[in-house]
Amino acid sequence: MSVRTQSSEQPADAVHRAGFACFVGRPNAGKSTLTNALVGQKVAITSNRPQTTRHTVRGIVHRADAQLVLVDTPGLHKPRTLLGERLNDVVRTTWAEVDVIGFCLPADQKIGPGDRFIAKELAGIKKTPKIAVVTKTDLVDSKALAEQLIAVDQLGKELGITWQEIVPVSATAGRQVDLLADLLIPLMPEGPALYPEGDLTDEPEQVMVAELIREAALEGVRDELPHSIAVVVEEMLPREDRPADKPLLDIHANLYIERSSQKGIVIGPKGKRLKDVGIKSRKQIEALLGTPVFLDLHVKVAKDWQRDPKQLRRLGF
């Protein structure tokens with residue numbers, strides 16, 4: 001079993017590599033946090049609600065000798081709704097198209113049925129190289145970490161998966177994140193950069209803005225509305241008649257919920273919660289777009305949208 005805990009110096013050759021990697025793992029295994037840590041800026045939304053990532057958000061890591069494009073897929077799970085089935089299809093298609101798969105397993109939780117379900121699916125994808133990434137190492141002591149690393153090694157042997165590497169990381173503490181990039185890059189094909197220098201994601205800005213609003217909206221309603229919030233940015237327009245040195249971007253967005261009884265939860269007493277969502281997400285959006293923003297939020301009901309193909313299409317799934 002090869003477990004990496006420090007950086008291995010790469011020979012200084014002039015080869016440039018570029019390709020795609022994706023992190024997989026059950027919901028809440030730390031995939032989005034890891035993507036953000038590698039890119040060094042917030043591109044995938046993170047929340048400790050399972051299943052917050054619905055879009056393939058790509059983070060882009062630029063290095064002098066390589067470009068690593070990170071594809072962040074939704075967590076694979078046993079689907080209960082039409083949305084769930086669509087998400088699983090997205091995941092499998094992505095796995096077959098990337099150059100390397102990082103399987104994220106949290107250090108602080110024993111390997112469970114959800115991990116096995118994904119590992120079995122991974123075992124069926126023969127050609128793509130796989131790295132096991134043990135995440136959240138800041139939450140355990142060295143003994144528990146060693147046990148988890150051995151368990152991950154065993155899981156691979158049991159299912160016939162050859163791990164290229166097993167890497168313990170902590171994205172929040174910034175431990176071994178660069179090492180992970182060092183190990184992913186040699187698995188990329190040789191070739192020129194796929195995206196211009198300076199790009200961090202190829203998601204259209206509106207999608208990223210919607211994700212930031214959605215993340216802020218989920219913040220306060222942990223258990224009441226796990227994932228029945230969808231956000232659609234209706235328009236983003238520069239405010240007219242503003243002097244060039246004082247631009248303002250008007251963003252109008254709708255938060256969709258499934259039942260009118262959920263409206264009060266999102267809006268909160270005297271509109272306080274919705275106001276907080278606006279303040280919090282506006283800060284993040286301004287940081288992302290680098291311009292002052294006026295954010296106009298409305299809450300609307302789209303009945304049972306997770307089960308309705310027409311609504312799913314309208315909300316961008």
# chains A, B, ... in the order shown; residues from 1 in each chain; ligands from 1

call {"tool": "residues_around", "arguments": {"residues": "Met1 of chain A", "least_positions_apart": "2", "cutoff": "8 Å", "atoms": "only C-alpha atoms", "output": "JSON, numbers by chain"}}
result
{"A": [3, 153, 166]}

call {"tool": "residues_around", "arguments": {"residues": "Ala302 of chain A", "least_positions_apart": "4", "cutoff": "9 Å", "atoms": "only C-alpha atoms", "output": "PyMOL selection string"}}
result
chain A and resi 256-260+311

call {"tool": "select_by_dssp", "arguments": {"residues": "segment 146-277 of chain A", "states": "strand (DSSP E or B)", "output": "ChimeraX atom specification"}}
result
/A:163-168,170,175,190,230-238,249-257

call {"tool": "write_last_selection", "arguments": {"atoms": "N, CA, C and O atoms", "output": "short mmCIF file (atom, residue, chain, number, x, y, z; two decimals), in the first residue's frame"}}
result
data_model
loop_
_atom_site.label_atom_id
_atom_site.label_comp_id
_atom_site.auth_asym_id
_atom_site.auth_seq_id
_atom_site.Cartn_x
_atom_site.Cartn_y
_atom_site.Cartn_z
N TRP A 163 -5.58 1.40 -6.33
CA TRP A 163 -5.40 2.82 -6.04
C TRP A 163 -4.02 3.24 -6.53
O TRP A 163 -3.03 2.63 -6.16
N GLN A 164 -3.94 4.28 -7.36
CA GLN A 164 -2.63 4.80 -7.77
C GLN A 164 -1.90 5.32 -6.54
O GLN A 164 -0.70 5.20 -6.42
N GLU A 165 -2.66 5.96 -5.65
CA GLU A 165 -2.12 6.52 -4.41
C GLU A 165 -3.24 6.53 -3.38
O GLU A 165 -4.42 6.54 -3.75
N ILE A 166 -2.84 6.55 -2.10
CA ILE A 166 -3.81 6.83 -1.03
C ILE A 166 -3.26 8.06 -0.31
O ILE A 166 -2.14 8.02 0.20
N VAL A 167 -4.01 9.16 -0.34
CA VAL A 167 -3.48 10.42 0.20
C VAL A 167 -4.36 10.96 1.31
O VAL A 167 -5.54 11.24 1.08
N PRO A 168 -3.81 11.14 2.53
CA PRO A 168 -4.59 11.81 3.57
C PRO A 168 -4.48 13.33 3.42
O PRO A 168 -3.37 13.85 3.24
N SER A 170 -6.27 17.43 4.63
CA SER A 170 -7.27 18.25 5.31
C SER A 170 -7.39 19.54 4.52
O SER A 170 -6.47 20.36 4.51
N ARG A 175 -3.72 20.95 4.80
CA ARG A 175 -2.68 19.93 4.88
C ARG A 175 -2.67 19.03 3.65
O ARG A 175 -3.70 18.45 3.30
N GLU A 190 -0.30 14.63 -21.74
CA GLU A 190 0.51 15.77 -22.18
C GLU A 190 -0.32 16.62 -23.12
O GLU A 190 -1.08 16.08 -23.93
N ALA A 230 -34.30 25.64 -4.98
CA ALA A 230 -33.57 25.84 -6.24
C ALA A 230 -33.52 27.34 -6.46
O ALA A 230 -34.45 28.06 -6.09
N VAL A 231 -32.44 27.82 -7.02
CA VAL A 231 -32.32 29.28 -7.25
C VAL A 231 -32.12 29.52 -8.74
O VAL A 231 -31.29 28.87 -9.37
N VAL A 232 -32.89 30.44 -9.29
CA VAL A 232 -32.71 30.83 -10.68
C VAL A 232 -32.44 32.33 -10.72
O VAL A 232 -33.21 33.13 -10.18
N VAL A 233 -31.30 32.70 -11.33
CA VAL A 233 -31.00 34.12 -11.50
C VAL A 233 -31.72 34.57 -12.77
O VAL A 233 -31.42 34.12 -13.86
N GLU A 234 -32.72 35.43 -12.62
CA GLU A 234 -33.53 35.85 -13.76
C GLU A 234 -32.76 36.83 -14.65
O GLU A 234 -32.80 36.75 -15.85
N GLU A 235 -32.07 37.79 -14.00
CA GLU A 235 -31.24 38.69 -14.81
C GLU A 235 -30.13 39.34 -14.00
O GLU A 235 -30.24 39.52 -12.78
N MET A 236 -29.04 39.64 -14.71
CA MET A 236 -27.92 40.36 -14.13
C MET A 236 -27.60 41.49 -15.09
O MET A 236 -27.17 41.24 -16.21
N LEU A 237 -27.88 42.73 -14.66
CA LEU A 237 -27.69 43.88 -15.58
C LEU A 237 -26.94 45.00 -14.89
O LEU A 237 -27.24 45.33 -13.73
N PRO A 238 -25.98 45.63 -15.57
CA PRO A 238 -25.34 46.79 -14.98
C PRO A 238 -26.37 47.92 -14.87
O PRO A 238 -27.14 48.14 -15.81
N LEU A 249 -24.20 46.40 -10.13
CA LEU A 249 -24.82 45.33 -10.90
C LEU A 249 -26.14 44.94 -10.23
O LEU A 249 -26.17 44.65 -9.03
N ASP A 250 -27.23 45.01 -10.97
CA ASP A 250 -28.53 44.58 -10.44
C ASP A 250 -28.72 43.09 -10.70
O ASP A 250 -28.64 42.65 -11.85
N ILE A 251 -28.96 42.32 -9.64
CA ILE A 251 -29.20 40.88 -9.81
C ILE A 251 -30.59 40.56 -9.26
O ILE A 251 -30.89 40.86 -8.10
N HIS A 252 -31.43 40.00 -10.12
CA HIS A 252 -32.78 39.59 -9.69
C HIS A 252 -32.82 38.07 -9.69
O HIS A 252 -32.53 37.44 -10.71
N ALA A 253 -33.15 37.47 -8.53
CA ALA A 253 -33.13 36.02 -8.44
C ALA A 253 -34.37 35.51 -7.70
O ALA A 253 -34.90 36.18 -6.81
N ASN A 254 -34.83 34.33 -8.11
CA ASN A 254 -35.95 33.68 -7.44
C ASN A 254 -35.48 32.43 -6.71
O ASN A 254 -34.73 31.63 -7.27
N LEU A 255 -35.93 32.28 -5.47
CA LEU A 255 -35.69 31.04 -4.72
C LEU A 255 -36.96 30.21 -4.84
O LEU A 255 -38.04 30.67 -4.43
N TYR A 256 -36.83 29.01 -5.40
CA TYR A 256 -38.01 28.15 -5.56
C TYR A 256 -38.03 27.09 -4.48
O TYR A 256 -37.03 26.42 -4.21
N ILE A 257 -39.23 26.93 -3.85
CA ILE A 257 -39.41 25.86 -2.88
C ILE A 257 -40.56 24.99 -3.38
O ILE A 257 -41.24 25.36 -4.34
#

call {"tool": "closest_residue", "arguments": {"among": "A:Val61, A:Ile125, A:Leu70, A:Cys104", "to": "Arg26 of chain A", "atoms": "only C-alpha atoms"}}
result
A:Cys104

call {"tool": "residues_around", "arguments": {"residues": "Thr137 of chain A", "least_positions_apart": "4", "cutoff": "8 Å", "atoms": "only C-alpha atoms", "output": "PyMOL selection string"}}
result
chain A and resi 106-108+141+145+168-170

call {"tool": "residues_around", "arguments": {"residues": "Arg92 of chain A", "least_positions_apart": "4", "cutoff": "12 Å", "atoms": "only C-alpha atoms", "output": "PyMOL selection string"}}
result
chain A and resi 22+24+73-77+85-88+96-98+101+118+121-122+124-125

call {"tool": "atom_distance", "arguments": {"atom1": "atom CA of Asp138 of chain A", "atom2": "atom CA of Val39 of chain A"}}
result
19.8 Å

call {"tool": "atom_distance", "arguments": {"atom1": "atom CA of Ala119 of chain A", "atom2": "atom CA of Asp99 of chain A"}}
result
17.4 Å

call {"tool": "closest_residue", "arguments": {"among": "A:Gly30, A:Phe23, A:Leu82, A:Gly59", "to": "Thr94 of chain A", "atoms": "only C-alpha atoms"}}
result
A:Phe23

call {"tool": "atom_distance", "arguments": {"atom1": "atom CA of Phe20 of chain A", "atom2": "atom CA of Thr162 of chain A"}}
result
19.3 Å

call {"tool": "residues_around", "arguments": {"residues": "Ile285 of chain A", "least_positions_apart": "6", "cutoff": "12 Å", "atoms": "only C-alpha atoms", "output": "list in words"}}
result
Lys42, Val43, Glu205, Gln206, Val207, Met208, Val209, Ala210, Glu211, Leu212, Ile213, Arg214, Glu215, Ala216, Met236, Leu249, Asp250, Ile251, Val277, Gly278, Ile279, Thr291, Pro292, Val293, Phe294 and Leu295 of chain A

call {"tool": "select_by_dssp", "arguments": {"residues": "segment 94-306 of chain A", "states": "alpha helix (DSSP H)", "output": "MDAnalysis selection string"}}
result
chainID A and resid 94:97 113:123 142:159 177:184 205:219 263:267 272:289

call {"tool": "closest_residue", "arguments": {"among": "A:Lys127, A:Lys110, A:Lys300, A:Lys136", "to": "Ile229 of chain A", "atoms": "only C-alpha atoms"}}
result
A:Lys300

call {"tool": "closest_residue", "arguments": {"among": "A:Val91, A:Ala173, A:Leu194, A:Leu183", "to": "Ala132 of chain A", "atoms": "only C-alpha atoms"}}
result
A:Leu183

call {"tool": "closest_residue", "arguments": {"among": "A:Leu248, A:Ile150, A:Val133, A:Leu312", "to": "Leu289 of chain A", "atoms": "only C-alpha atoms"}}
result
A:Leu248

call {"tool": "residues_around", "arguments": {"residues": "Ala64 of chain A", "least_positions_apart": "3", "cutoff": "10 Å", "atoms": "only C-alpha atoms", "output": "list in words"}}
result
Ala14, His16, Arg17, Gln67 and Ala193 of chain A

call {"tool": "closest_residue", "arguments": {"among": "A:Thr35, A:Gln284, A:Ser228, A:Ser142", "to": "Ile265 of chain A", "atoms": "only C-alpha atoms"}}
result
A:Ser228
